[in-house]
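Source file: query33.txt. Holds: compact mmCIF, C-alpha atoms.
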```txt
# COMPACT_ATOMS: atom_id res chain seq x y z
CA MET A 1 -47.98 -40.82 -56.44
CA PHE A 2 -46.49 -44.20 -55.64
CA LEU A 3 -43.24 -46.08 -55.94
CA THR A 4 -43.56 -49.73 -56.87
CA VAL A 5 -40.97 -52.39 -56.22
CA ASP A 6 -41.22 -55.82 -57.80
CA ALA A 7 -39.32 -58.82 -56.45
CA ARG A 8 -39.53 -60.50 -59.89
CA ASP A 9 -37.69 -57.60 -61.52
CA LYS A 10 -34.06 -58.44 -62.31
CA HIS A 11 -32.92 -54.96 -61.27
CA PRO A 12 -31.90 -54.49 -57.64
CA ILE A 13 -34.47 -52.79 -55.39
CA TYR A 14 -32.44 -49.59 -54.95
CA GLN A 15 -32.26 -49.29 -58.76
CA GLN A 16 -36.02 -49.80 -59.10
CA ILE A 17 -36.60 -47.04 -56.54
CA ALA A 18 -34.19 -44.63 -58.23
CA ASP A 19 -35.73 -45.41 -61.64
CA GLY A 20 -39.23 -44.97 -60.20
CA VAL A 21 -38.38 -41.50 -58.90
CA LYS A 22 -36.77 -40.57 -62.22
CA ALA A 23 -39.85 -41.74 -64.13
CA LEU A 24 -42.06 -39.56 -61.91
CA ILE A 25 -39.76 -36.59 -62.54
CA ALA A 26 -39.85 -37.28 -66.29
CA ARG A 27 -43.66 -37.37 -66.24
CA GLY A 28 -43.72 -34.09 -64.35
CA GLU A 29 -45.44 -35.62 -61.33
CA LEU A 30 -42.46 -34.85 -59.13
CA ARG A 31 -41.52 -31.24 -59.64
CA GLU A 32 -38.54 -29.17 -58.59
CA GLY A 33 -38.72 -28.25 -54.90
CA MET A 34 -40.93 -31.17 -53.89
CA THR A 35 -39.68 -33.22 -50.96
CA LEU A 36 -39.36 -36.97 -51.00
CA PRO A 37 -40.40 -38.87 -47.87
CA SER A 38 -37.69 -39.75 -45.40
CA VAL A 39 -35.55 -42.85 -45.91
CA ARG A 40 -37.12 -44.36 -42.77
CA GLN A 41 -40.66 -43.80 -44.05
CA VAL A 42 -40.08 -45.31 -47.49
CA ALA A 43 -38.17 -48.25 -45.98
CA GLY A 44 -41.02 -48.86 -43.52
CA ASP A 45 -43.71 -48.53 -46.18
CA LEU A 46 -42.00 -50.93 -48.57
CA GLY A 47 -40.75 -53.21 -45.80
CA VAL A 48 -37.17 -53.07 -47.07
CA ASN A 49 -33.88 -52.23 -45.40
CA LEU A 50 -33.05 -48.59 -44.59
CA ASN A 51 -29.74 -48.90 -46.45
CA THR A 52 -31.53 -49.90 -49.67
CA ILE A 53 -33.45 -46.62 -49.72
CA ALA A 54 -30.39 -44.66 -48.62
CA VAL A 55 -28.43 -46.08 -51.57
CA ALA A 56 -31.26 -45.16 -53.98
CA TYR A 57 -31.42 -41.61 -52.63
CA ARG A 58 -27.63 -41.32 -52.81
CA GLN A 59 -27.70 -42.41 -56.43
CA LEU A 60 -30.38 -39.82 -57.21
CA GLN A 61 -28.27 -37.22 -55.43
CA ASP A 62 -25.13 -38.23 -57.34
CA GLU A 63 -27.01 -37.96 -60.62
CA GLY A 64 -28.29 -34.52 -59.65
CA PHE A 65 -32.00 -35.33 -59.40
CA VAL A 66 -32.28 -34.60 -55.70
CA THR A 67 -30.49 -32.43 -53.18
CA VAL A 68 -30.22 -33.75 -49.66
CA ARG A 69 -30.54 -30.91 -47.17
CA HIS A 70 -30.03 -31.49 -43.49
CA GLY A 71 -33.41 -31.26 -41.76
CA ALA A 72 -35.37 -30.84 -45.00
CA GLY A 73 -34.75 -34.28 -46.48
CA ALA A 74 -34.34 -35.12 -50.14
CA VAL A 75 -35.64 -32.33 -52.36
CA ILE A 76 -36.20 -32.69 -56.11
CA SER A 77 -33.62 -30.41 -57.64
CA SER A 78 -33.77 -30.57 -61.37
CA ARG A 79 -35.17 -32.49 -64.31
CA ARG A 80 -31.85 -32.44 -66.12
CA PRO A 81 -29.21 -34.78 -64.71
CA ARG A 82 -25.97 -33.07 -63.80
CA ALA A 83 -22.66 -33.93 -65.53
CA VAL A 84 -24.12 -36.46 -67.93
CA THR A 85 -23.12 -36.21 -71.56
CA GLU A 86 -25.47 -36.95 -74.43
CA THR A 87 -23.41 -40.02 -75.29
CA GLU A 88 -24.00 -41.36 -71.80
CA LEU A 89 -27.71 -40.59 -72.02
CA TYR A 90 -28.03 -42.44 -75.32
CA LYS A 91 -26.27 -45.52 -73.97
CA PRO A 92 -29.36 -47.16 -72.36
CA LEU A 93 -31.39 -46.19 -75.46
CA ARG A 94 -28.90 -47.97 -77.69
CA THR A 95 -29.02 -51.06 -75.46
CA ALA A 96 -32.83 -51.10 -75.66
CA LEU A 97 -32.75 -50.63 -79.45
CA THR A 98 -30.23 -53.45 -79.81
CA GLN A 99 -32.47 -55.75 -77.78
CA LEU A 100 -35.50 -54.86 -79.92
CA ILE A 101 -33.59 -55.49 -83.16
CA LEU A 102 -32.32 -58.81 -81.82
CA ALA A 103 -35.90 -59.69 -80.85
CA GLY A 104 -36.85 -59.32 -84.52
CA PHE A 105 -38.55 -55.93 -84.53
CA THR A 106 -38.38 -53.95 -87.77
CA ASP A 107 -37.33 -50.28 -87.76
CA ARG A 108 -40.93 -49.27 -88.43
CA GLU A 109 -42.15 -51.32 -85.44
CA ILE A 110 -39.45 -49.90 -83.20
CA LEU A 111 -40.41 -46.34 -84.14
CA ALA A 112 -44.10 -47.08 -83.53
CA ALA A 113 -43.32 -48.65 -80.15
CA THR A 114 -41.12 -45.69 -79.18
CA ARG A 115 -43.85 -43.20 -80.13
CA GLU A 116 -46.40 -45.24 -78.18
CA GLN A 117 -44.21 -45.41 -75.06
CA LEU A 118 -43.44 -41.70 -75.28
CA ALA A 119 -47.13 -40.85 -75.59
CA LEU A 120 -47.88 -43.08 -72.65
CA LEU A 121 -45.23 -41.34 -70.58
CA HIS A 122 -46.68 -37.89 -71.33
CA GLN A 123 -50.22 -39.13 -70.85
CA LYS A 124 -49.46 -40.39 -67.34
CA GLY A 125 -47.90 -37.07 -66.50
CA ASP A 126 -50.93 -35.15 -67.75
CA SER A 127 -53.50 -37.32 -65.99
CA ARG A 128 -52.49 -36.09 -62.55
CA MET B 1 -82.13 -29.50 -7.93
CA SER B 2 -79.33 -30.35 -5.49
CA ALA B 3 -75.82 -30.98 -6.74
CA PRO B 4 -74.94 -34.60 -7.40
CA THR B 5 -72.52 -36.16 -4.94
CA GLU B 6 -69.22 -37.57 -6.14
CA PHE B 7 -70.75 -41.05 -5.94
CA GLU B 8 -73.75 -40.01 -8.03
CA LEU B 9 -71.43 -38.42 -10.56
CA ASP B 10 -69.54 -41.70 -10.83
CA ILE B 11 -72.80 -43.56 -11.38
CA ILE B 12 -73.88 -41.10 -14.10
CA CYS B 13 -70.54 -41.48 -15.86
CA ILE B 14 -70.59 -45.26 -15.58
CA THR B 15 -74.18 -45.45 -16.85
CA LEU B 16 -73.21 -43.43 -19.93
CA VAL B 17 -70.23 -45.65 -20.65
CA VAL B 18 -72.15 -48.89 -20.02
CA LEU B 19 -75.06 -47.79 -22.20
CA PHE B 20 -72.67 -46.95 -24.94
CA TYR B 21 -70.86 -50.28 -24.78
CA ALA B 22 -74.09 -52.24 -24.52
CA LEU B 23 -75.70 -50.57 -27.54
CA TYR B 24 -72.78 -49.95 -29.81
CA GLY B 25 -70.02 -52.33 -28.76
CA PHE B 26 -72.15 -55.43 -29.07
CA ARG B 27 -73.45 -54.50 -32.51
CA GLN B 28 -69.99 -53.54 -33.70
CA HIS B 29 -68.43 -56.78 -32.53
CA TRP B 30 -71.29 -58.84 -33.95
CA ASN B 31 -70.70 -57.60 -37.49
CA PHE B 32 -66.93 -57.40 -37.25
CA PRO B 33 -65.89 -60.46 -39.36
CA LEU B 34 -67.95 -59.29 -42.36
CA ARG B 35 -66.86 -55.67 -42.43
CA ARG B 36 -64.67 -56.25 -45.53
CA GLY B 37 -67.52 -57.84 -47.47
CA PRO B 38 -68.36 -61.44 -48.35
CA ASP B 39 -64.86 -62.12 -49.74
CA TYR B 40 -63.29 -61.81 -46.32
CA PHE B 41 -63.64 -63.28 -42.86
CA PHE B 42 -61.89 -61.19 -40.23
CA GLY B 43 -59.51 -59.81 -42.80
CA VAL B 44 -58.70 -63.21 -44.27
CA GLN B 45 -59.53 -63.62 -47.95
CA VAL B 46 -61.93 -66.55 -48.30
CA PRO B 47 -62.93 -68.53 -51.39
CA PRO B 48 -66.25 -67.79 -53.16
CA GLY B 49 -69.18 -69.56 -51.50
CA PHE B 50 -67.41 -69.60 -48.13
CA TYR B 51 -70.50 -68.33 -46.33
CA GLN B 52 -72.64 -71.03 -47.90
CA GLY B 53 -70.31 -73.72 -46.57
CA SER B 54 -67.79 -73.82 -43.74
CA GLY B 55 -68.15 -70.06 -43.26
CA THR B 56 -71.47 -70.48 -41.46
CA ARG B 57 -69.73 -72.63 -38.84
CA TRP B 58 -66.98 -70.01 -38.40
CA LEU B 59 -69.52 -67.23 -38.11
CA ARG B 60 -71.63 -69.19 -35.63
CA SER B 61 -68.65 -69.94 -33.38
CA TYR B 62 -67.66 -66.28 -33.49
CA HIS B 63 -71.16 -65.13 -32.55
CA ILE B 64 -71.21 -67.60 -29.66
CA LEU B 65 -67.93 -66.09 -28.48
CA VAL B 66 -69.36 -62.54 -28.65
CA ILE B 67 -72.49 -63.56 -26.72
CA ALA B 68 -70.35 -65.34 -24.11
CA LEU B 69 -67.99 -62.37 -23.69
CA PHE B 70 -70.71 -59.75 -23.37
CA GLY B 71 -72.70 -62.15 -21.17
CA ILE B 72 -69.78 -62.50 -18.74
CA VAL B 73 -69.30 -58.72 -18.68
CA ALA B 74 -73.02 -58.10 -18.09
CA MET B 75 -73.17 -60.70 -15.31
CA ALA B 76 -70.15 -59.22 -13.57
CA LEU B 77 -71.76 -55.77 -13.70
CA ALA B 78 -75.07 -57.15 -12.41
CA ALA B 79 -73.20 -58.77 -9.50
CA ILE B 80 -71.58 -55.41 -8.65
CA VAL B 81 -74.95 -53.61 -8.78
CA PHE B 82 -76.73 -56.19 -6.61
CA THR B 83 -73.99 -56.50 -4.01
CA GLY B 84 -73.29 -52.76 -3.95
CA ARG B 85 -69.52 -53.36 -4.31
CA TRP B 86 -68.89 -50.15 -6.23
CA ASP B 87 -65.25 -50.20 -5.20
CA VAL B 88 -64.55 -52.99 -7.69
CA LEU B 89 -65.97 -51.02 -10.63
CA PRO B 90 -62.51 -49.94 -11.89
CA LEU B 91 -61.56 -53.60 -11.97
CA TRP B 92 -64.71 -54.33 -13.95
CA PHE B 93 -63.70 -51.72 -16.54
CA GLY B 94 -60.16 -53.07 -16.76
CA GLY B 95 -61.33 -56.67 -16.76
CA THR B 96 -63.87 -55.97 -19.53
CA ALA B 97 -61.25 -54.34 -21.75
CA ILE B 98 -58.70 -57.10 -21.12
CA LEU B 99 -61.23 -59.90 -21.64
CA ILE B 100 -62.70 -58.56 -24.87
CA THR B 101 -59.39 -57.37 -26.36
CA THR B 102 -57.54 -60.59 -25.53
CA ALA B 103 -60.36 -62.83 -26.76
CA MET B 104 -60.61 -60.87 -30.02
CA VAL B 105 -56.85 -60.89 -30.67
CA ILE B 106 -56.69 -64.63 -29.98
CA PHE B 107 -59.70 -65.31 -32.20
CA VAL B 108 -58.30 -63.22 -35.07
CA ALA B 109 -54.86 -64.86 -34.75
CA TRP B 110 -56.48 -68.31 -34.65
CA THR B 111 -58.64 -67.45 -37.67
CA ARG B 112 -55.60 -66.34 -39.66
CA HIS B 113 -53.71 -69.45 -38.62
CA LYS B 114 -56.53 -71.80 -39.63
CA LEU B 115 -57.95 -70.06 -42.68
CA ALA B 116 -54.82 -68.53 -44.08
CA ALA B 117 -52.00 -70.84 -43.12
CA ASN B 118 -50.18 -69.42 -46.13
CA PRO B 119 -51.16 -65.74 -46.38
CA PRO B 120 -50.87 -64.54 -49.99
CA VAL B 121 -47.43 -63.26 -50.97
CA LEU B 122 -47.67 -60.41 -53.47
CA PRO B 123 -44.50 -60.11 -55.57
CA SER B 124 -44.67 -56.35 -55.87
CA VAL B 125 -45.37 -53.67 -53.33
CA ALA B 126 -46.09 -49.94 -53.48
CA ALA B 127 -45.32 -47.00 -51.21
CA PRO B 128 -46.67 -43.46 -51.30
CA LEU B 129 -44.28 -40.63 -52.09
CA GLU B 130 -45.96 -38.24 -49.69
CA SER B 131 -44.19 -37.38 -46.47
CA ARG B 132 -45.90 -38.12 -43.18
CA ARG B 133 -44.89 -35.47 -40.67
CA LEU B 134 -46.11 -35.38 -37.08
CA GLY B 135 -47.44 -31.86 -37.62
CA ASP B 136 -49.74 -33.08 -40.41
CA TYR B 137 -51.58 -35.30 -37.95
CA ILE B 138 -51.09 -33.71 -34.55
CA SER B 139 -52.31 -30.28 -33.56
CA TRP B 140 -49.53 -28.92 -31.37
CA PRO B 141 -51.72 -26.18 -29.79
CA VAL B 142 -54.20 -28.89 -28.71
CA GLU B 143 -51.36 -31.03 -27.34
CA ALA B 144 -50.10 -27.99 -25.43
CA LEU B 145 -53.62 -27.36 -24.09
CA VAL B 146 -53.88 -30.96 -22.87
CA ALA B 147 -50.46 -30.76 -21.22
CA GLY B 148 -51.45 -27.41 -19.71
CA ILE B 149 -54.67 -28.80 -18.23
CA VAL B 150 -52.81 -31.78 -16.74
CA ALA B 151 -50.09 -29.50 -15.29
CA ALA B 152 -52.63 -26.98 -13.94
CA SER B 153 -54.66 -29.77 -12.33
CA TRP B 154 -51.58 -31.13 -10.58
CA LEU B 155 -50.46 -27.69 -9.44
CA LEU B 156 -53.91 -27.06 -7.97
CA LEU B 157 -53.94 -30.41 -6.18
CA LEU B 158 -50.38 -30.12 -4.87
CA PHE B 159 -50.47 -26.53 -3.69
CA ARG B 160 -54.13 -25.82 -3.00
CA GLY B 161 -55.50 -29.31 -2.42
CA ASP B 162 -57.91 -29.79 0.47
CA ALA B 163 -56.16 -32.96 1.73
CA ARG B 164 -59.31 -34.99 1.15
CA GLU B 165 -58.26 -36.06 -2.29
CA ASP B 166 -57.77 -39.63 -3.32
CA TRP B 167 -54.55 -39.58 -5.34
CA ARG B 168 -55.52 -42.68 -7.28
CA ASN B 169 -57.91 -40.63 -9.39
CA PRO B 170 -55.43 -37.97 -10.66
CA VAL B 171 -52.52 -40.43 -10.93
CA THR B 172 -54.55 -42.90 -13.01
CA THR B 173 -56.11 -40.32 -15.31
CA THR B 174 -52.73 -38.61 -15.84
CA TRP B 175 -51.18 -41.96 -16.77
CA VAL B 176 -53.98 -42.61 -19.28
CA VAL B 177 -53.84 -39.12 -20.83
CA LEU B 178 -50.06 -38.83 -21.14
CA GLY B 179 -49.64 -42.46 -22.16
CA LEU B 180 -51.78 -41.91 -25.24
CA PHE B 181 -49.27 -39.51 -26.75
CA PRO B 182 -46.57 -42.11 -27.57
CA GLY B 183 -49.38 -44.27 -28.94
CA LYS B 184 -50.35 -41.47 -31.32
CA ILE B 185 -46.77 -41.06 -32.52
CA LEU B 186 -46.50 -44.80 -33.07
CA LEU B 187 -49.68 -44.72 -35.12
CA ILE B 188 -48.44 -41.87 -37.32
CA ARG B 189 -45.10 -43.58 -37.92
CA ASN B 190 -46.72 -46.96 -38.51
CA SER B 191 -46.77 -48.27 -42.03
CA PHE B 192 -47.99 -51.26 -43.95
CA PRO B 193 -46.98 -51.89 -47.57
CA LEU B 194 -49.63 -51.17 -50.18
CA PRO B 195 -50.64 -53.83 -52.70
CA PRO B 196 -49.86 -53.15 -56.36
CA GLU B 197 -53.52 -53.38 -57.38
CA ARG B 198 -55.99 -50.61 -56.39
CA THR B 199 -53.07 -48.86 -54.71
CA GLU B 200 -54.76 -45.46 -54.58
CA GLU B 201 -57.83 -46.91 -52.81
CA HIS B 202 -55.70 -48.84 -50.33
CA TYR B 203 -53.71 -45.71 -49.61
CA ARG B 204 -56.82 -43.58 -49.07
CA LEU B 205 -58.18 -46.23 -46.70
CA SER B 206 -54.92 -46.46 -44.78
CA GLU B 207 -54.76 -42.68 -44.36
CA ALA B 208 -58.43 -42.46 -43.37
CA SER B 209 -57.89 -45.26 -40.82
CA ARG B 210 -54.86 -43.50 -39.39
CA ARG B 211 -56.73 -40.21 -39.03
CA TRP B 212 -59.78 -41.93 -37.58
CA SER B 213 -57.70 -43.77 -34.96
CA LEU B 214 -56.07 -40.47 -33.96
CA ARG B 215 -59.49 -38.80 -33.65
CA TYR B 216 -60.69 -41.69 -31.51
CA MET B 217 -57.64 -41.42 -29.24
CA ASP B 218 -58.20 -37.66 -28.93
CA ALA B 219 -61.88 -38.06 -28.07
CA PHE B 220 -61.05 -40.76 -25.52
CA ARG B 221 -58.34 -38.57 -24.02
CA TRP B 222 -60.77 -35.68 -23.49
CA VAL B 223 -63.28 -38.04 -21.86
CA VAL B 224 -60.56 -38.98 -19.35
CA LEU B 225 -59.11 -35.49 -19.02
CA ALA B 226 -62.38 -33.77 -18.08
CA PRO B 227 -62.83 -35.71 -14.80
CA LEU B 228 -59.20 -34.93 -13.87
CA ALA B 229 -59.71 -31.19 -14.35
CA PHE B 230 -63.02 -31.26 -12.49
CA TYR B 231 -61.54 -33.31 -9.65
CA ALA B 232 -58.67 -30.84 -9.24
CA LEU B 233 -61.08 -27.92 -9.27
CA LYS B 234 -63.34 -29.50 -6.71
CA HIS B 235 -60.53 -30.33 -4.31
CA SER B 236 -58.65 -27.07 -4.59
CA TRP B 237 -61.35 -24.44 -4.70
CA ALA B 238 -63.69 -24.67 -1.70
CA PRO B 239 -66.65 -22.77 -3.24
CA ALA B 240 -66.77 -25.34 -6.04
CA LEU B 241 -68.34 -27.78 -3.59
CA GLU B 242 -71.15 -25.35 -2.82
CA TYR B 243 -72.11 -24.64 -6.39
CA GLY B 244 -74.48 -27.29 -7.62
CA TRP B 245 -74.41 -25.86 -11.11
CA LEU B 246 -70.72 -26.65 -11.35
CA SER B 247 -71.37 -30.36 -10.85
CA TRP B 248 -74.17 -30.27 -13.39
CA ALA B 249 -71.97 -28.33 -15.77
CA PHE B 250 -69.41 -31.09 -15.43
CA VAL B 251 -72.08 -33.74 -16.13
CA ALA B 252 -73.11 -31.76 -19.23
CA ILE B 253 -69.50 -31.43 -20.44
CA PHE B 254 -68.78 -35.07 -19.74
CA THR B 255 -71.97 -36.15 -21.53
CA GLY B 256 -71.00 -33.99 -24.50
CA LEU B 257 -67.56 -35.57 -24.62
CA CYS B 258 -69.05 -39.08 -24.36
CA LEU B 259 -71.41 -38.25 -27.23
CA TRP B 260 -68.45 -37.00 -29.26
CA LEU B 261 -66.63 -40.28 -28.57
CA ILE B 262 -69.73 -42.21 -29.67
CA TYR B 263 -70.00 -40.06 -32.80
CA VAL B 264 -66.36 -40.79 -33.68
CA LEU B 265 -66.97 -44.50 -33.20
CA ILE B 266 -70.10 -44.44 -35.34
CA ASP B 267 -68.14 -42.56 -37.99
CA GLN B 268 -66.08 -45.72 -38.33
CA ARG B 269 -68.85 -46.85 -40.70
CA ARG B 270 -67.20 -44.63 -43.31
CA LEU B 271 -64.04 -46.72 -43.05
CA THR B 272 -66.05 -49.91 -43.21
CA ALA B 273 -67.66 -48.70 -46.44
CA MET B 274 -64.26 -47.74 -47.87
CA SER B 275 -62.66 -51.05 -46.92
CA ARG B 276 -65.09 -53.34 -48.70
CA GLY B 277 -63.21 -55.57 -51.09
CA LEU B 278 -59.80 -54.16 -50.16
CA ARG B 279 -57.00 -56.18 -48.61
CA PRO B 280 -56.73 -55.56 -44.87
CA ALA B 281 -53.42 -54.03 -43.82
CA GLY B 282 -50.89 -56.68 -42.87
CA SER B 283 -53.03 -59.61 -44.06
CA TRP B 284 -50.68 -60.36 -46.95
CA ALA B 285 -46.96 -60.88 -47.12
CA THR B 286 -44.39 -59.30 -49.41
CA PRO B 287 -41.09 -60.85 -50.50
CA PHE B 288 -39.50 -58.40 -48.05
CA ARG B 289 -41.81 -58.70 -45.04
CA PRO B 290 -44.14 -61.34 -43.56
CA ALA B 291 -47.84 -60.72 -42.94
CA ARG B 292 -48.49 -58.90 -39.69
CA LEU B 293 -51.41 -58.95 -37.29
CA LEU B 294 -50.54 -55.78 -35.37
CA LEU B 295 -48.56 -52.65 -36.09
CA SER B 296 -44.95 -52.95 -35.04
CA GLY B 297 -44.38 -51.70 -31.51
CA GLY B 298 -48.14 -51.38 -31.02
CA LEU B 299 -48.43 -54.37 -28.74
CA THR B 300 -45.49 -53.21 -26.62
CA TRP B 301 -46.92 -49.71 -26.23
CA PHE B 302 -50.42 -50.98 -25.48
CA GLY B 303 -49.02 -53.60 -23.06
CA ILE B 304 -47.09 -50.98 -21.07
CA TRP B 305 -49.89 -48.41 -21.13
CA PHE B 306 -52.68 -50.78 -20.29
CA SER B 307 -50.86 -52.90 -17.71
CA GLY B 308 -49.71 -49.68 -16.02
CA LEU B 309 -53.33 -48.58 -15.82
CA ILE B 310 -54.46 -51.90 -14.37
CA LEU B 311 -51.62 -51.94 -11.82
CA LEU B 312 -52.51 -48.42 -10.72
CA LEU B 313 -56.17 -49.34 -10.36
CA ILE B 314 -55.38 -52.44 -8.31
CA PHE B 315 -52.36 -51.51 -6.21
CA PHE B 316 -52.18 -47.73 -5.95
CA ARG B 317 -53.68 -46.53 -2.74
CA GLY B 318 -53.78 -42.74 -2.63
```
Target format C-alpha cells, applied to this file:
Amino acid sequence: MFLTVDARDKHPIYQQIADGVKALIARGELREGMTLPSVRQVAGDLGVNLNTIAVAYRQLQDEGFVTVRHGAGAVISSRRPRAVTETELYKPLRTALTQLILAGFTDREILAATREQLALLHQKGDSR
Amino acid sequence: MSAPTEFELDIICITLVVLFYALYGFRQHWNFPLRRGPDYFFGVQVPPGFYQGSGTRWLRSYHILVIALFGIVAMALAAIVFTGRWDVLPLWFGGTAILITTAMVIFVAWTRHKLAANPPVLPSVAAPLESRRLGDYISWPVEALVAGIVAASWLLLLFRGDAREDWRNPVTTTWVVLGLFPGKILLIRNSFPLPPERTEEHYRLSEASRRWSLRYMDAFRWVVLAPLAFYALKHSWAPALEYGWLSWAFVAIFTGLCLWLIYVLIDQRRLTAMSRGLRPAGSWATPFRPARLLLSGGLTWFGIWFSGLILLLIFFRG
C-alpha cells in the first residue's frame, strides 16, 4: 500500500496525500482501526516537509477519516466522512461532469467512463 | 591438549578474520560495480552497450584499485608477521577498514560525479503506508541480554578483577558494542523515497536491505561481545585460567559466531539477486530531495563510532 505524490500534479502535495489516503479507504485497502505511519516517517519517505504531512493528516482528521490519538498516531476511523452533506459530496462530481461535458463527451460516454472508473476502483480494492 | 595462551587465542581469532576477508571480501569487492546488473555501474544507470565501450575502462580502473587496496593490506599484514610486531595488529585492523571504506566511498562518489553528473529526477515519488516501529526490527530481550552481558562483564572486572587486566580490551569492545545501538536506530529510521515504477519491488528490496543490515550489525556485535565476556571471566575467576576446556570452548564459540557473521554476509547474495534492474536507493533525485550517496546522519554516526574506536586503539593505555 503506497502513497504517490507527483510534482506535475496541479494539486498541492498535502491535498494529494489526503486524496491518496481517501482513495485507499474507498477501495477498502485502509480499513477502520488501521494506523497510518507517523508524520515524520511519511515526510522522510517522501522527502517533503513535516508540516506538509501534518496538514494532510489534519485535513483527514477534520473530515473524519482519521482520529489522532496521542501515542497511537493517526488511526483510520470511518469510511463515511463526518458532517458532510450529500450536496457537498456531489459538488466535486458536478465539477467533474461539467468538465467532461465541456470537453465534448456525450452523456452515454460519460456514463460509460463513470462505470469504468468505478469498476477500476473496486477492482483495485479486491486485488489486495 | 594444553589450553591456548591469550596470545595464541588472539592469533586464532585474527586468522579467522583474515581468512574471511581474504576469501570473501576480495570477491565481494571485485564484483561490486555489477551487482545491479549490466544496466548499472556502482548504482549509476548506464546507457546500453556501456560495457562494450567506455565501461571496460571504468571496470578495469576499479579492479586495479581493488587489487592495490588488498595488496597494501596484505603487505602490511605480511610485514607484521615477519617482524613479529603483533602490538600493531589493532592498527592494521583499523587501517584496513579506513583504507578500504574511504577508497570505496571516494570511488563511488567520483563515479556518480563523472557518470551521472545529472542524476535522473523522477517527477513522482511513492511512500509505503506501513509504520516502521523500533519493536518490529529490534528484539528488546536480545538488547537487554547484550546490555546485561556488558554490565556483568564490567562488574566482574571492577569488583573481582585480578589486577592483571589490560583495560584497553574491555573499554574498546564496550565502545564497539554499545556504539552499534544508535547505528541500528538510525538504520531503522532511515528512509529513501521509492520510485513510482516497480514500487512494490523497490519497497521489498529496501525492507530486505534494512533487515539484512541489522542482522549483520547483530552478528558483528556478538563477535565483539564474546571476547569481552570471556576476558572478564578469565580475569575475575581464577579457576578459569586452569581450565583448558574453557579456552577451547571460547575458541569454539568465537568460531561459531565468525561463521554466523560469514553466513550473514554470504546471504547478501539474496539482496543482490533482488536488486537486479532496480534503482539503487538515493541514486535518483525527486523534485523534493536531491540524490543521496549515504543515509542521512549515517556518516556522522559512523564517523563518531569509528574514530572513537581508532582513538581508543591508538591512545588508550589501560
Can you write out as a tab-separated table which residues of chain A fall within 9 Å of chain B, alongside each residue's closest atom pair and its distance in Å to one decimal, counting all atoms listed in the file and ordering rows by chain and ascending residue number?
```
residue	atom	partner	partner_atom	distance
A:Met1	CA	B:Leu129	CA	5.7
A:Phe2	CA	B:Pro128	CA	4.4
A:Leu3	CA	B:Ala127	CA	5.2
A:Thr4	CA	B:Ala126	CA	4.2
A:Val5	CA	B:Val125	CA	5.4
A:Asp6	CA	B:Ser124	CA	4.0
A:Ala7	CA	B:Pro123	CA	5.4
A:Arg8	CA	B:Pro123	CA	6.6
A:Thr35	CA	B:Ser131	CA	7.6
A:Leu36	CA	B:Leu129	CA	6.2
A:Pro37	CA	B:Ser131	CA	4.3
A:Ser38	CA	B:Ser131	CA	7.0
A:Gln41	CA	B:Arg189	CA	7.6
A:Val42	CA	B:Ala127	CA	6.6
A:Ala43	CA	B:Ala127	CA	8.9
A:Gly44	CA	B:Ser191	CA	6.0
A:Asp45	CA	B:Pro193	CA	4.9
A:Leu46	CA	B:Pro193	CA	5.2
A:Gly47	CA	B:Arg289	CA	5.6
A:Val48	CA	B:Phe288	CA	5.9
A:Asn49	CA	B:Phe288	CA	8.8
```
- Using all atoms listed in the file, which residues sit within 12 Å of Ala208 in chain B once same-chain residues fewer than 5 positions away are excluded, as a ChimeraX atom specification? /B:137,188,201-203,213-215,267-275
The distance between CA of Ser206 in chain B and CA of Ala291 in chain B is 16.0 Å
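Put simply, CA of Ala232 in chain B is 5.2 Å away from CA of Ser153 in chain B.
Taking CA of Ile72 in chain B and CA of Leu99 in chain B as the two end points, the separation is 9.4 Å.
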Taking 3 positions as the minimum chain separation for residues in the same chain, which residues sit within 12 Å of Gly33 in chain A when counting all atoms listed in the file? Answer as number ranges by chain. A: 25, 29-30, 36, 65-69, 72-79
Counting only C-alpha atoms, select every polymer residue within 12 Å of (-31.2, -50.1, -62.9) as defined in the file's coordinates, and provide the selection as a compact mmCIF listing (two decimals) with C-alpha atoms, keeping the file's coordinate frame.
```
# COMPACT_ATOMS: atom_id res chain seq x y z
CA ASP A 9 -37.69 -57.60 -61.52
CA LYS A 10 -34.06 -58.44 -62.31
CA HIS A 11 -32.92 -54.96 -61.27
CA PRO A 12 -31.90 -54.49 -57.64
CA ILE A 13 -34.47 -52.79 -55.39
CA TYR A 14 -32.44 -49.59 -54.95
CA GLN A 15 -32.26 -49.29 -58.76
CA GLN A 16 -36.02 -49.80 -59.10
CA ILE A 17 -36.60 -47.04 -56.54
CA ALA A 18 -34.19 -44.63 -58.23
CA ASP A 19 -35.73 -45.41 -61.64
CA GLY A 20 -39.23 -44.97 -60.20
CA VAL A 21 -38.38 -41.50 -58.90
CA LYS A 22 -36.77 -40.57 -62.22
CA ALA A 56 -31.26 -45.16 -53.98
CA GLN A 59 -27.70 -42.41 -56.43
CA LEU A 60 -30.38 -39.82 -57.21
CA PRO A 92 -29.36 -47.16 -72.36
```
Calculated over all atoms listed in the file, which of the candidates B:Asp39, B:Asp218, B:Asp162, B:Glu197 has the smallest distance to Trp260 in chain B?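 Once distances to Trp260 in chain B are computed over all atoms listed in the file, the minimum belongs to B:Asp218.
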Using only C-alpha atoms, determine which residues lie at most 9 Å from Thr174 in chain B, disregarding the query and same-chain residues fewer than 3 positions distant; provide the list as a PDB file with C-alpha atoms, keeping the file's coordinate frame.
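Below is the file part21.pdb, written as the result:
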```pdb
ATOM      1  CA  VAL B 150     -52.810 -31.780 -16.740  1.00  0.00           C
ATOM      2  CA  ASN B 169     -57.910 -40.630  -9.390  1.00  0.00           C
ATOM      3  CA  PRO B 170     -55.430 -37.970 -10.660  1.00  0.00           C
ATOM      4  CA  VAL B 171     -52.520 -40.430 -10.930  1.00  0.00           C
ATOM      5  CA  VAL B 177     -53.840 -39.120 -20.830  1.00  0.00           C
ATOM      6  CA  LEU B 178     -50.060 -38.830 -21.140  1.00  0.00           C
ATOM      7  CA  GLY B 179     -49.640 -42.460 -22.160  1.00  0.00           C
ATOM      8  CA  VAL B 224     -60.560 -38.980 -19.350  1.00  0.00           C
ATOM      9  CA  LEU B 225     -59.110 -35.490 -19.020  1.00  0.00           C
ATOM     10  CA  LEU B 228     -59.200 -34.930 -13.870  1.00  0.00           C
TER      11      LEU B 228
END
```
